[in-house]
Structure formats: structure tokens, C-alpha cells
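Structure file upload37.cif (mmCIF, C-alpha atoms and all ligand atoms) is printed below.
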data_work
loop_
_atom_site.group_PDB
_atom_site.id
_atom_site.type_symbol
_atom_site.label_atom_id
_atom_site.label_comp_id
_atom_site.auth_asym_id
_atom_site.auth_seq_id
_atom_site.Cartn_x
_atom_site.Cartn_y
_atom_site.Cartn_z
ATOM 1 C CA MET A 19 -218.937 -73.117 16.064
ATOM 2 C CA LYS A 20 -217.325 -70.216 17.851
ATOM 3 C CA ARG A 21 -216.954 -70.610 21.572
ATOM 4 C CA ILE A 22 -215.306 -73.371 23.575
ATOM 5 C CA ILE A 23 -215.554 -73.694 27.344
ATOM 6 C CA LEU A 24 -212.610 -75.541 28.815
ATOM 7 C CA THR A 25 -213.323 -76.920 32.268
ATOM 8 C CA TYR A 26 -210.937 -78.627 34.633
ATOM 9 C CA ASN A 27 -212.931 -81.563 35.915
ATOM 10 C CA GLN A 28 -210.192 -83.336 37.835
ATOM 11 C CA SER A 29 -210.437 -81.256 41.023
ATOM 12 C CA CYS A 30 -211.109 -77.826 42.484
ATOM 13 C CA ASN A 31 -209.480 -75.914 45.312
ATOM 14 C CA LEU A 32 -212.901 -75.296 46.894
ATOM 15 C CA ALA A 33 -215.725 -77.674 47.818
ATOM 16 C CA CYS A 34 -218.876 -75.575 47.496
ATOM 17 C CA ASP A 35 -222.040 -77.431 48.459
ATOM 18 C CA PHE A 36 -223.938 -76.010 45.484
ATOM 19 C CA CYS A 37 -221.293 -77.107 42.962
ATOM 20 C CA TYR A 38 -222.572 -79.204 40.076
ATOM 21 C CA VAL A 39 -219.210 -80.373 38.756
ATOM 22 C CA ASN A 40 -218.640 -84.037 39.367
ATOM 23 C CA PHE A 41 -214.901 -83.910 40.053
ATOM 24 C CA HIS A 42 -213.372 -87.321 39.460
ATOM 25 C CA HIS A 43 -210.007 -86.848 41.276
ATOM 26 C CA GLN A 44 -208.384 -89.429 38.977
ATOM 27 C CA LYS A 45 -204.809 -89.219 37.871
ATOM 28 C CA ILE A 46 -204.997 -87.886 34.310
ATOM 29 C CA GLU A 47 -202.913 -86.408 31.565
ATOM 30 C CA ASP A 48 -203.777 -82.728 31.453
ATOM 31 C CA LYS A 49 -204.074 -81.847 27.761
ATOM 32 C CA ALA A 50 -205.356 -78.287 28.130
ATOM 33 C CA TYR A 51 -202.585 -76.959 25.879
ATOM 34 C CA GLU A 52 -203.389 -79.547 23.172
ATOM 35 C CA VAL A 53 -207.109 -78.791 23.531
ATOM 36 C CA VAL A 54 -206.432 -75.111 22.856
ATOM 37 C CA ALA A 55 -204.218 -75.991 19.862
ATOM 38 C CA ARG A 56 -207.032 -78.169 18.517
ATOM 39 C CA ALA A 57 -209.611 -75.406 19.118
ATOM 40 C CA ILE A 58 -207.424 -73.014 17.128
ATOM 41 C CA SER A 59 -207.247 -75.449 14.225
ATOM 42 C CA LEU A 60 -211.053 -75.792 14.370
ATOM 43 C CA ASP A 61 -211.484 -72.004 14.092
ATOM 44 C CA PHE A 62 -212.959 -71.325 17.509
ATOM 45 C CA ASN A 63 -212.602 -67.637 18.217
ATOM 46 C CA VAL A 64 -213.656 -67.418 21.860
ATOM 47 C CA ILE A 65 -212.366 -69.549 24.724
ATOM 48 C CA THR A 66 -213.644 -69.561 28.281
ATOM 49 C CA PHE A 67 -211.476 -71.219 30.881
ATOM 50 C CA GLY A 68 -214.175 -72.207 33.335
ATOM 51 C CA GLY A 69 -214.104 -72.138 37.102
ATOM 52 C CA GLY A 70 -213.391 -73.273 39.857
ATOM 53 C CA ASP A 71 -209.961 -71.840 39.475
ATOM 54 C CA SER A 72 -207.899 -72.199 36.310
ATOM 55 C CA PHE A 73 -205.067 -70.349 38.037
ATOM 56 C CA SER A 74 -204.564 -73.386 40.266
ATOM 57 C CA LYS A 75 -203.756 -75.597 37.247
ATOM 58 C CA SER A 76 -200.206 -75.858 35.946
ATOM 59 C CA SER A 77 -201.324 -76.150 32.304
ATOM 60 C CA PHE A 78 -203.520 -73.076 32.350
ATOM 61 C CA ARG A 79 -201.156 -70.150 31.779
ATOM 62 C CA LYS A 80 -199.379 -71.737 28.815
ATOM 63 C CA ALA A 81 -202.718 -72.756 27.263
ATOM 64 C CA CYS A 82 -204.157 -69.271 27.732
ATOM 65 C CA ILE A 83 -201.077 -67.646 26.176
ATOM 66 C CA LEU A 84 -201.427 -69.945 23.163
ATOM 67 C CA ALA A 85 -205.077 -68.973 22.743
ATOM 68 C CA LYS A 86 -204.385 -65.263 23.041
ATOM 69 C CA GLU A 87 -201.433 -65.364 20.663
ATOM 70 C CA HIS A 88 -203.652 -67.003 18.047
ATOM 71 C CA GLY A 89 -206.238 -64.286 18.283
ATOM 72 C CA LEU A 90 -208.888 -65.982 20.404
ATOM 73 C CA PHE A 91 -210.846 -63.860 22.825
ATOM 74 C CA THR A 92 -209.807 -65.211 26.225
ATOM 75 C CA GLN A 93 -212.219 -65.228 29.117
ATOM 76 C CA VAL A 94 -211.123 -66.778 32.398
ATOM 77 C CA ASP A 95 -213.384 -67.575 35.354
ATOM 78 C CA THR A 96 -211.871 -67.985 38.782
ATOM 79 C CA ASN A 97 -212.805 -68.090 42.439
ATOM 80 C CA GLY A 98 -209.632 -66.032 42.953
ATOM 81 C CA ILE A 99 -207.878 -68.314 45.394
ATOM 82 C CA SER A 100 -204.774 -69.077 43.333
ATOM 83 C CA ILE A 101 -204.219 -65.647 41.797
ATOM 84 C CA THR A 102 -200.812 -64.422 42.908
ATOM 85 C CA GLN A 103 -199.136 -61.031 42.589
ATOM 86 C CA SER A 104 -197.269 -62.120 39.455
ATOM 87 C CA ASP A 105 -200.547 -63.093 37.779
ATOM 88 C CA TYR A 106 -201.654 -59.498 37.340
ATOM 89 C CA GLU A 107 -199.098 -58.956 34.601
ATOM 90 C CA PHE A 108 -200.197 -62.235 32.997
ATOM 91 C CA ILE A 109 -203.840 -61.150 33.160
ATOM 92 C CA GLU A 110 -203.043 -57.758 31.628
ATOM 93 C CA LYS A 111 -201.304 -59.407 28.700
ATOM 94 C CA TYR A 112 -203.316 -62.522 28.021
ATOM 95 C CA VAL A 113 -206.807 -62.294 29.526
ATOM 96 C CA ASP A 114 -209.445 -60.242 27.725
ATOM 97 C CA LEU A 115 -212.109 -60.664 30.372
ATOM 98 C CA ILE A 116 -211.706 -62.098 33.850
ATOM 99 C CA GLY A 117 -214.691 -63.567 35.674
ATOM 100 C CA ILE A 118 -214.636 -63.473 39.469
ATOM 101 C CA SER A 119 -217.068 -65.450 41.628
ATOM 102 C CA LEU A 120 -218.964 -63.464 44.234
ATOM 103 C CA ASP A 121 -222.017 -64.792 46.065
ATOM 104 C CA GLY A 122 -222.219 -62.392 48.974
ATOM 105 C CA VAL A 123 -220.455 -59.493 50.639
ATOM 106 C CA GLY A 124 -218.081 -60.076 53.546
ATOM 107 C CA GLU A 125 -218.740 -63.114 55.710
ATOM 108 C CA ALA A 126 -221.710 -64.089 53.530
ATOM 109 C CA HIS A 127 -219.332 -64.937 50.672
ATOM 110 C CA ASN A 128 -216.900 -66.813 52.940
ATOM 111 C CA SER A 129 -219.735 -68.789 54.406
ATOM 112 C CA ILE A 130 -221.429 -69.872 51.169
ATOM 113 C CA ARG A 131 -218.059 -70.806 49.625
ATOM 114 C CA LYS A 132 -216.878 -72.417 52.893
ATOM 115 C CA SER A 133 -213.590 -70.532 52.718
ATOM 116 C CA LYS A 134 -212.280 -68.290 55.459
ATOM 117 C CA ASN A 135 -210.863 -64.952 54.195
ATOM 118 C CA LEU A 136 -211.980 -65.578 50.608
ATOM 119 C CA TYR A 137 -213.935 -62.332 50.487
ATOM 120 C CA THR A 138 -210.869 -60.352 51.577
ATOM 121 C CA LYS A 139 -208.910 -61.949 48.746
ATOM 122 C CA VAL A 140 -211.640 -61.240 46.189
ATOM 123 C CA ASN A 141 -211.881 -57.654 47.388
ATOM 124 C CA THR A 142 -208.116 -57.176 46.915
ATOM 125 C CA ILE A 143 -208.271 -58.750 43.452
ATOM 126 C CA LEU A 144 -211.122 -56.472 42.369
ATOM 127 C CA GLU A 145 -209.310 -53.382 43.630
ATOM 128 C CA THR A 146 -206.094 -54.369 41.860
ATOM 129 C CA LEU A 147 -207.862 -55.228 38.601
ATOM 130 C CA THR A 148 -209.654 -51.896 38.762
ATOM 131 C CA ASP A 149 -206.377 -50.021 39.228
ATOM 132 C CA LEU A 150 -205.013 -51.884 36.201
ATOM 133 C CA LYS A 151 -208.175 -51.115 34.215
ATOM 134 C CA ILE A 152 -208.734 -54.789 33.408
ATOM 135 C CA ARG A 153 -212.198 -55.788 32.236
ATOM 136 C CA ILE A 154 -214.077 -57.730 34.894
ATOM 137 C CA LYS A 155 -217.101 -59.976 34.871
ATOM 138 C CA ILE A 156 -218.721 -60.994 38.155
ATOM 139 C CA ASN A 157 -220.326 -64.431 38.461
ATOM 140 C CA THR A 158 -222.965 -64.984 41.115
ATOM 141 C CA ILE A 159 -224.864 -68.202 41.771
ATOM 142 C CA LEU A 160 -228.266 -67.227 43.088
ATOM 143 C CA THR A 161 -229.650 -69.755 45.560
ATOM 144 C CA LYS A 162 -232.221 -69.841 48.328
ATOM 145 C CA GLN A 163 -229.320 -69.217 50.725
ATOM 146 C CA ASN A 164 -227.994 -65.943 49.324
ATOM 147 C CA LYS A 165 -231.031 -64.287 47.777
ATOM 148 C CA LYS A 166 -231.075 -61.717 50.591
ATOM 149 C CA SER A 167 -227.466 -60.783 49.704
ATOM 150 C CA ILE A 168 -228.213 -59.700 46.138
ATOM 151 C CA TYR A 169 -228.842 -56.047 46.938
ATOM 152 C CA ASP A 170 -225.625 -55.917 49.026
ATOM 153 C CA ILE A 171 -223.659 -57.409 46.145
ATOM 154 C CA TYR A 172 -225.150 -54.881 43.757
ATOM 155 C CA ARG A 173 -224.240 -51.923 46.006
ATOM 156 C CA TYR A 174 -220.741 -53.331 46.460
ATOM 157 C CA LEU A 175 -220.179 -53.790 42.719
ATOM 158 C CA MET A 176 -221.370 -50.269 41.952
ATOM 159 C CA LYS A 177 -218.233 -48.869 43.556
ATOM 160 C CA TYR A 178 -216.043 -50.340 40.794
ATOM 161 C CA ASP A 179 -215.599 -48.752 37.387
ATOM 162 C CA ASN A 180 -214.175 -51.679 35.435
ATOM 163 C CA ILE A 181 -217.000 -54.164 35.737
ATOM 164 C CA ASP A 182 -218.331 -54.996 32.288
ATOM 165 C CA CYS A 183 -220.937 -57.448 33.310
ATOM 166 C CA TRP A 184 -222.595 -59.078 36.301
ATOM 167 C CA SER A 185 -223.807 -62.587 35.422
ATOM 168 C CA ILE A 186 -226.338 -64.045 37.818
ATOM 169 C CA TYR A 187 -227.035 -67.759 37.483
ATOM 170 C CA GLN A 188 -229.930 -69.626 38.997
ATOM 171 C CA PHE A 189 -228.717 -72.570 41.097
ATOM 172 C CA PHE A 190 -228.436 -75.623 38.838
ATOM 173 C CA PRO A 191 -229.695 -78.818 40.477
ATOM 174 C CA ILE A 192 -227.629 -80.979 38.168
ATOM 175 C CA SER A 193 -225.192 -83.775 38.726
ATOM 176 C CA VAL A 194 -223.762 -83.789 42.270
ATOM 177 C CA ALA A 195 -225.625 -80.569 43.192
ATOM 178 C CA ARG A 196 -228.871 -82.553 43.184
ATOM 179 C CA LYS A 197 -228.126 -83.959 46.618
ATOM 180 C CA ASN A 198 -228.244 -80.414 48.048
ATOM 181 C CA LYS A 199 -231.248 -79.304 46.057
ATOM 182 C CA ASP A 200 -233.436 -78.716 49.123
ATOM 183 C CA MET A 201 -230.863 -76.409 50.641
ATOM 184 C CA PHE A 202 -230.209 -74.267 47.584
ATOM 185 C CA GLU A 203 -232.936 -74.558 44.969
ATOM 186 C CA ILE A 204 -234.588 -71.303 43.972
ATOM 187 C CA LEU A 205 -237.665 -71.530 41.767
ATOM 188 C CA ASN A 206 -238.124 -69.470 38.612
ATOM 189 C CA ASN A 207 -240.610 -66.993 40.090
ATOM 190 C CA ASP A 208 -238.450 -66.477 43.196
ATOM 191 C CA PHE A 209 -235.413 -65.932 40.958
ATOM 192 C CA ASP A 210 -237.331 -63.326 38.944
ATOM 193 C CA ASP A 211 -238.756 -61.586 42.032
ATOM 194 C CA THR A 212 -235.385 -61.450 43.776
ATOM 195 C CA LEU A 213 -233.795 -59.768 40.781
ATOM 196 C CA SER A 214 -236.679 -57.538 39.712
ATOM 197 C CA PHE A 215 -235.307 -54.507 41.606
ATOM 198 C CA LEU A 216 -232.358 -54.480 39.192
ATOM 199 C CA ASP A 217 -234.651 -53.530 36.301
ATOM 200 C CA LYS A 218 -235.237 -50.172 37.981
ATOM 201 C CA GLU A 219 -231.602 -49.499 38.853
ATOM 202 C CA ASP A 220 -229.304 -47.430 36.694
ATOM 203 C CA SER A 221 -226.335 -49.776 36.910
ATOM 204 C CA LYS A 222 -222.885 -49.045 35.512
ATOM 205 C CA PHE A 223 -222.566 -52.527 34.035
ATOM 206 C CA LYS A 224 -224.538 -55.014 32.000
ATOM 207 C CA ILE A 225 -226.556 -57.487 34.050
ATOM 208 C CA GLU A 226 -227.159 -60.999 32.698
ATOM 209 C CA LYS A 227 -229.750 -63.217 34.345
ATOM 210 C CA PHE A 228 -229.393 -66.886 33.483
ATOM 211 C CA LYS A 229 -232.132 -69.298 34.361
ATOM 212 C CA TYR A 230 -231.239 -72.925 34.812
ATOM 213 C CA SER A 231 -233.134 -73.824 31.635
ATOM 214 C CA ASP A 232 -231.082 -71.302 29.621
ATOM 215 C CA ARG A 233 -227.929 -72.817 30.854
ATOM 216 C CA VAL A 234 -228.379 -76.530 30.470
ATOM 217 C CA THR A 235 -229.221 -76.441 26.802
ATOM 218 C CA GLY A 236 -226.759 -73.732 26.057
ATOM 219 C CA TYR A 237 -223.285 -75.004 26.712
ATOM 220 C CA ILE A 238 -220.825 -77.399 25.235
ATOM 221 C CA PHE A 239 -217.928 -78.050 27.543
ATOM 222 C CA CYS A 240 -214.544 -79.586 26.930
ATOM 223 C CA ASP A 241 -212.601 -81.038 29.831
ATOM 224 C CA GLU A 242 -208.819 -80.957 30.164
ATOM 225 C CA GLN A 243 -208.558 -84.330 28.457
ATOM 226 C CA GLY A 244 -210.486 -83.180 25.387
ATOM 227 C CA LYS A 245 -213.847 -84.791 26.195
ATOM 228 C CA LEU A 246 -216.756 -82.739 24.840
ATOM 229 C CA TYR A 247 -220.039 -82.924 26.726
ATOM 230 C CA THR A 248 -223.193 -81.041 27.573
ATOM 231 C CA ASN A 249 -225.955 -81.268 30.183
ATOM 232 C CA SER A 250 -229.522 -82.429 29.766
ATOM 233 C CA LEU A 251 -232.523 -80.727 31.350
ATOM 234 C CA GLU A 252 -232.861 -83.790 33.582
ATOM 235 C CA GLY A 253 -229.548 -82.898 35.128
ATOM 236 C CA ASP A 254 -227.236 -85.480 33.579
ATOM 237 C CA TYR A 255 -224.014 -85.119 31.687
ATOM 238 C CA ARG A 256 -224.168 -86.131 28.032
ATOM 239 C CA ASP A 257 -220.979 -87.093 26.296
ATOM 240 C CA ILE A 258 -220.592 -85.890 22.730
ATOM 241 C CA CYS A 259 -217.143 -86.992 21.559
ATOM 242 C CA SER A 260 -213.492 -86.021 21.850
ATOM 243 C CA ILE A 261 -212.241 -82.737 20.458
ATOM 244 C CA PHE A 262 -209.419 -84.773 18.963
ATOM 245 C CA ASP A 263 -211.788 -86.920 16.858
ATOM 246 C CA LEU A 264 -211.214 -86.423 13.142
ATOM 247 C CA ASP A 265 -214.937 -85.885 12.536
ATOM 248 C CA VAL A 266 -215.495 -83.600 15.548
ATOM 249 C CA GLU A 267 -216.901 -80.760 13.423
ATOM 250 C CA GLU A 268 -219.553 -83.007 11.962
ATOM 251 C CA LYS A 269 -220.464 -84.364 15.391
ATOM 252 C CA LEU A 270 -220.692 -80.876 16.896
ATOM 253 C CA PHE A 271 -222.760 -79.626 13.986
ATOM 254 C CA ARG A 272 -225.436 -82.115 14.978
ATOM 255 C CA PHE A 273 -225.594 -80.431 18.382
ATOM 256 C CA ASN A 274 -225.970 -76.923 16.974
ATOM 257 C CA GLU A 275 -229.741 -76.852 17.320
ATOM 258 C CA PHE A 276 -229.424 -77.539 21.067
ATOM 259 C CA ILE A 277 -227.081 -74.654 21.679
ATOM 260 C CA ASN A 278 -228.737 -71.578 23.055
ATOM 261 C CA PRO A 279 -227.521 -68.542 21.022
ATOM 262 C CA LYS A 280 -227.653 -66.498 24.248
ATOM 263 C CA THR A 281 -224.727 -68.527 25.568
ATOM 264 C CA ARG A 282 -222.947 -69.319 22.316
ATOM 265 C CA ASP A 283 -222.580 -65.776 21.054
ATOM 266 C CA ARG A 284 -221.485 -64.099 24.281
ATOM 267 C CA TYR A 285 -218.385 -61.894 24.267
ATOM 268 C CA ILE A 286 -218.281 -61.333 20.511
HETATM 269 S S1 LIG A 301 -218.651 -74.014 42.582
HETATM 270 FE FE1 LIG A 301 -216.764 -73.453 41.487
HETATM 271 S S2 LIG A 301 -215.304 -72.954 43.107
HETATM 272 FE FE2 LIG A 301 -216.956 -74.109 44.080
HETATM 273 S S3 LIG A 301 -216.287 -76.254 44.060
HETATM 274 FE FE3 LIG A 301 -217.472 -75.915 42.202
HETATM 275 S S4 LIG A 301 -216.042 -75.375 40.601
HETATM 276 FE FE4 LIG A 301 -215.003 -75.141 42.603
#
Could I get this file's structure written as C-alpha cells?
Amino acid sequence: MKRIILTYNQSCNLACDFCYVNFHHQKIEDKAYEVVARAISLDFNVITFGGGDSFSKSSFRKACILAKEHGLFTQVDTNGISITQSDYEFIEKYVDLIGISLDGVGEAHNSIRKSKNLYTKVNTILETLTDLKIRIKINTILTKQNKKSIYDIYRYLMKYDNIDCWSIYQFFPISVARKNKDMFEILNNDFDDTLSFLDKEDSKFKIEKFKYSDRVTGYIFCDEQGKLYTNSLEGDYRDICSIFDLDVEEKLFRFNEFINPKTRDRYI
């Protein structure tokens, strides 16, 4: 048991049509700080604060500081919207690896994320992070809609020196994303063909290709209330237990065989 992925499932500041997170928009008690404290006591050594945008959540910075100060490797995914000027100092101090979403270059990114000027913001963030020599990971969701943008994204990323890794994920037709499956689904052979040119490129960064099937069996998530869950291949959420349960280690141990080592042992 090494890596925990903390996801904010209450809401997101974007509404991407390919999103698979079933945001509940309920009034809740955000226990992200307590979740991190519990993860520390359970000897997790890597934490990912998942996207949409942790920076938009009031609990995030304090929780991330706690993780970092207790020696966890901190990885934070964001769509970039809520990163402010003062966050760069925070990122330098407390974030080991920052993941930025990018699904196209220029208007293509704005359009797929349904957010005017988002690309301009992402571009500024990447330039600033590069100046600060902060390690960057790029997250791209590959769908039927943006497969023609992949080469453009690659050329764009090659101009930066601080990108550690480009993670490309096949569209996941799970949960609420199933209703838009026809618009976005990309089949395995199309995914492979679209990305095959990368095998011949001499890129400056590592490239990770994640098929849907790698992903669904590979992750255990924890929401901001401490609920642990995973996804099934059929596209449903499966509850495991609460991270605050006394016997959580035993319950998680039973899930070990379902966890894909490719996802569990990243970053360490
Ligand atoms: S894909 Fe990411 S940024 Fe878009 S709505 Fe979902 S969580 Fe938010």
C-alpha cells in the first residue's frame, strides 16, 4: 500500500463532456486534511491530488503541506484554472510533480474543455513552471475528437525543458461519460495507431500510454470525505470502505490483486 489518489468529487470548475467523475454537488464536510493525516498514519508514501482542479478547493493547500512535511511524494493534477500568482511559491515548496491537463493546442484545447482562454492560461503556467524549473507532467485524454491534435501537442511540448512525463489516457466510457461515448470513444487499435508515431520520435520526456483497461483496474481513489472506491471494467464505481475504518488496511489488502502495478508504483 503506497499510493493514495485523493479526488474532490463534490464539484469541478469545468464541465468537460468527456468527464467520468460523477460530481454530486452535495453540501459536505471536506476532510481532505484528515484524509492526508490518516494516509500518513497508514504509511502511504505517495499522494496524488487528482483533477479537476485541487487549487480551487480551500482544503487543498493545507492538506498538501501536511503531506509534504511528512515526507510523502506530492503529485498534484490540475486543469490550471485556479492557479494564481501566489501559488507558484507554494508549488515550488510543496509540490514534487505538477500535472497539467492539455488536450489540444490553442483553440482546440479551449474547445474540448469548453473554456474560453484556458489554453492561454495553461501556456502561461507552463512557461512560468519552466522558468522555476518545476517538474511537470502533462495529462492528455485521447478521444475521437482530438486524435488529430496529438502531433501538435507533441511538437508544442517539445519546446519545454522541464516536462518529466506526458501521460496519454484513452477516453474512459465510465460513469457519467458513458452518455457521451459515441462522441468520444476511441477503440484500442485507433488509440495505438494514433500514438504509434511517438515510438519513432526522440522525445525529451517519458511518454506513458494508458489504455482504459489499464486504468480501471489500477486505481484506488479516496474522496474528500474519506470514501475509498475503485472502478469496474463495466464502468461502475465500486465502494471499498472508509479510510477512517479501523480495519482499512485489511480491507485494502483484499483489493491488492486488482491493483495494476503500472499505476500503483508510479512516481517512486
Ligand atoms: S475532466 Fe477534469 S477538468 Fe473536466 S470536468 Fe472532469 S474533473 Fe473537471
When distances are computed from only C-alpha atoms and all ligand atoms, which of A:Thr148, A:Thr102, A:Ser59, A:Thr158 shows the smallest separation from ligand LIG 301 (chain A)?
A:Thr158
Excluding Lys20 (chain A) and any residue of its chain fewer than 2 positions from it, enumerate the residues within 7 Å of it, using only C-alpha atoms, and give them as an MDAnalysis selection string.
chainID A and resid 22 62:64
Can you pull out every residue with an atom within 7 Å of ligand LIG 301 (chain A)? Use only C-alpha atoms and all ligand atoms and format it as a PyMOL selection string.
chain A and resi 30-34+36-39+69-71+97+131
Please, what distance in Å, to one decimal, runs between CA of Ile186 (chain A) and CA of Ser74 (chain A)?
23.8 Å
Could you tell me, as a VMD selection string, exactly which residues end up selected when the PyMOL selection byres (((chain A and resi 127) around 12) and not hetatm) is applied to this structure?
chain A and resid 34 97 119 to 126 128 to 141 158 to 160 163 to 164 167 to 168 170 to 171
Given the file shown, determine the residues that the PyMOL selection byres (((chain A and resi 44) around 12) and not hetatm) selects; report them as a ChimeraX atom specification.
/A:26-29,40-43,45-48,243
Within 10 Å of Ser221 (chain A), counting all atoms listed in the file, which residues show up once you throw out same-chain ones fewer than 2 positions away? Write them as a list of chain:residue names, please.
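Counting only the stated atoms, we get A:Tyr172, A:Arg173, A:Leu175, A:Met176, A:Leu216, A:Asp217, A:Lys218, A:Glu219, A:Phe223, A:Lys224, A:Ile225.
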Which one of A:Glu268, A:Glu52, A:Asp182, A:Asp35 sits closest to Arg196 (chain A) if you count only C-alpha atoms?
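Going through A:Glu268, A:Glu52, A:Asp182, A:Asp35 one by one, the smallest distance to Arg196 (chain A) is for A:Asp35.
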Minimum-distance residue to Lys111 (chain A), chosen among A:Lys165, A:Lys49, A:Arg79, A:Arg272 (using all atoms listed in the file)
A:Arg79
A:Glu110, A:Asp257, A:Asp232, A:Asp179: which is nearest Leu150 (chain A), counting all atoms listed in the file?
A:Glu110
Could you rebuild region 201-210 of chain A with all heavy atoms and give it back as a CSV table (one decimal), keeping the file's coordinate frame?
chain,number,residue,atom,x,y,z
A,201,MET,N,-231.5,-77.5,50.0
A,201,MET,CA,-230.9,-76.4,50.6
A,201,MET,C,-230.7,-75.2,49.7
A,201,MET,O,-230.8,-74.0,50.2
A,201,MET,CB,-229.5,-76.9,51.1
A,201,MET,CG,-228.9,-76.1,52.2
A,201,MET,SD,-227.1,-76.5,52.5
A,201,MET,CE,-227.0,-78.3,52.3
A,202,PHE,N,-230.6,-75.4,48.5
A,202,PHE,CA,-230.2,-74.3,47.6
A,202,PHE,C,-231.2,-73.9,46.5
A,202,PHE,O,-231.2,-72.8,46.0
A,202,PHE,CB,-228.9,-74.6,46.9
A,202,PHE,CG,-227.7,-74.6,47.8
A,202,PHE,CD1,-227.1,-75.8,48.1
A,202,PHE,CD2,-227.2,-73.5,48.4
A,202,PHE,CE1,-226.0,-75.9,49.0
A,202,PHE,CE2,-226.1,-73.5,49.2
A,202,PHE,CZ,-225.5,-74.7,49.5
A,203,GLU,N,-232.1,-74.8,46.1
A,203,GLU,CA,-232.9,-74.6,45.0
A,203,GLU,C,-233.8,-73.3,45.1
A,203,GLU,O,-234.3,-73.0,46.1
A,203,GLU,CB,-233.9,-75.7,44.7
A,203,GLU,CG,-234.6,-75.6,43.4
A,203,GLU,CD,-235.4,-76.8,43.0
A,203,GLU,OE1,-236.0,-77.4,43.9
A,203,GLU,OE2,-235.3,-77.2,41.8
A,204,ILE,N,-233.8,-72.5,44.0
A,204,ILE,CA,-234.6,-71.3,44.0
A,204,ILE,C,-235.5,-71.4,42.7
A,204,ILE,O,-234.9,-71.6,41.6
A,204,ILE,CB,-233.7,-70.0,44.0
A,204,ILE,CG1,-234.6,-68.8,43.9
A,204,ILE,CG2,-232.6,-70.0,42.9
A,204,ILE,CD1,-233.9,-67.5,44.4
A,205,LEU,N,-236.8,-71.3,42.9
A,205,LEU,CA,-237.7,-71.5,41.8
A,205,LEU,C,-237.7,-70.3,40.8
A,205,LEU,O,-237.3,-69.2,41.2
A,205,LEU,CB,-239.1,-71.8,42.3
A,205,LEU,CG,-239.1,-73.1,43.2
A,205,LEU,CD1,-240.6,-73.3,43.7
A,205,LEU,CD2,-238.7,-74.3,42.4
A,206,ASN,N,-238.2,-70.5,39.6
A,206,ASN,CA,-238.1,-69.5,38.6
A,206,ASN,C,-238.8,-68.2,39.1
A,206,ASN,O,-238.2,-67.1,38.9
A,206,ASN,CB,-238.9,-69.9,37.3
A,206,ASN,CG,-238.0,-70.9,36.6
A,206,ASN,OD1,-236.8,-71.1,36.8
A,206,ASN,ND2,-238.7,-71.6,35.6
A,207,ASN,N,-239.9,-68.3,39.7
A,207,ASN,CA,-240.6,-67.0,40.1
A,207,ASN,C,-239.9,-66.3,41.2
A,207,ASN,O,-239.8,-65.1,41.3
A,207,ASN,CB,-242.1,-67.2,40.4
A,207,ASN,CG,-242.3,-68.2,41.5
A,207,ASN,OD1,-241.3,-68.9,41.9
A,207,ASN,ND2,-243.5,-68.3,42.0
A,208,ASP,N,-239.2,-67.1,42.1
A,208,ASP,CA,-238.4,-66.5,43.2
A,208,ASP,C,-237.2,-65.8,42.6
A,208,ASP,O,-236.8,-64.7,43.0
A,208,ASP,CB,-238.1,-67.6,44.2
A,208,ASP,CG,-237.8,-67.0,45.6
A,208,ASP,OD1,-237.9,-65.8,45.7
A,208,ASP,OD2,-237.4,-67.8,46.5
A,209,PHE,N,-236.6,-66.5,41.6
A,209,PHE,CA,-235.4,-65.9,41.0
A,209,PHE,C,-235.8,-64.6,40.3
A,209,PHE,O,-235.1,-63.6,40.5
A,209,PHE,CB,-235.0,-66.9,39.9
A,209,PHE,CG,-233.8,-66.5,39.1
A,209,PHE,CD1,-232.5,-66.7,39.5
A,209,PHE,CD2,-234.0,-65.9,37.8
A,209,PHE,CE1,-231.4,-66.4,38.7
A,209,PHE,CE2,-232.9,-65.6,37.0
A,209,PHE,CZ,-231.6,-65.8,37.5
A,210,ASP,N,-236.9,-64.6,39.6
A,210,ASP,CA,-237.3,-63.3,38.9
A,210,ASP,C,-237.6,-62.2,40.0
A,210,ASP,O,-237.2,-61.1,39.8
A,210,ASP,CB,-238.6,-63.6,38.1
A,210,ASP,CG,-238.3,-64.4,36.9
A,210,ASP,OD1,-237.1,-64.4,36.4
A,210,ASP,OD2,-239.2,-65.1,36.4
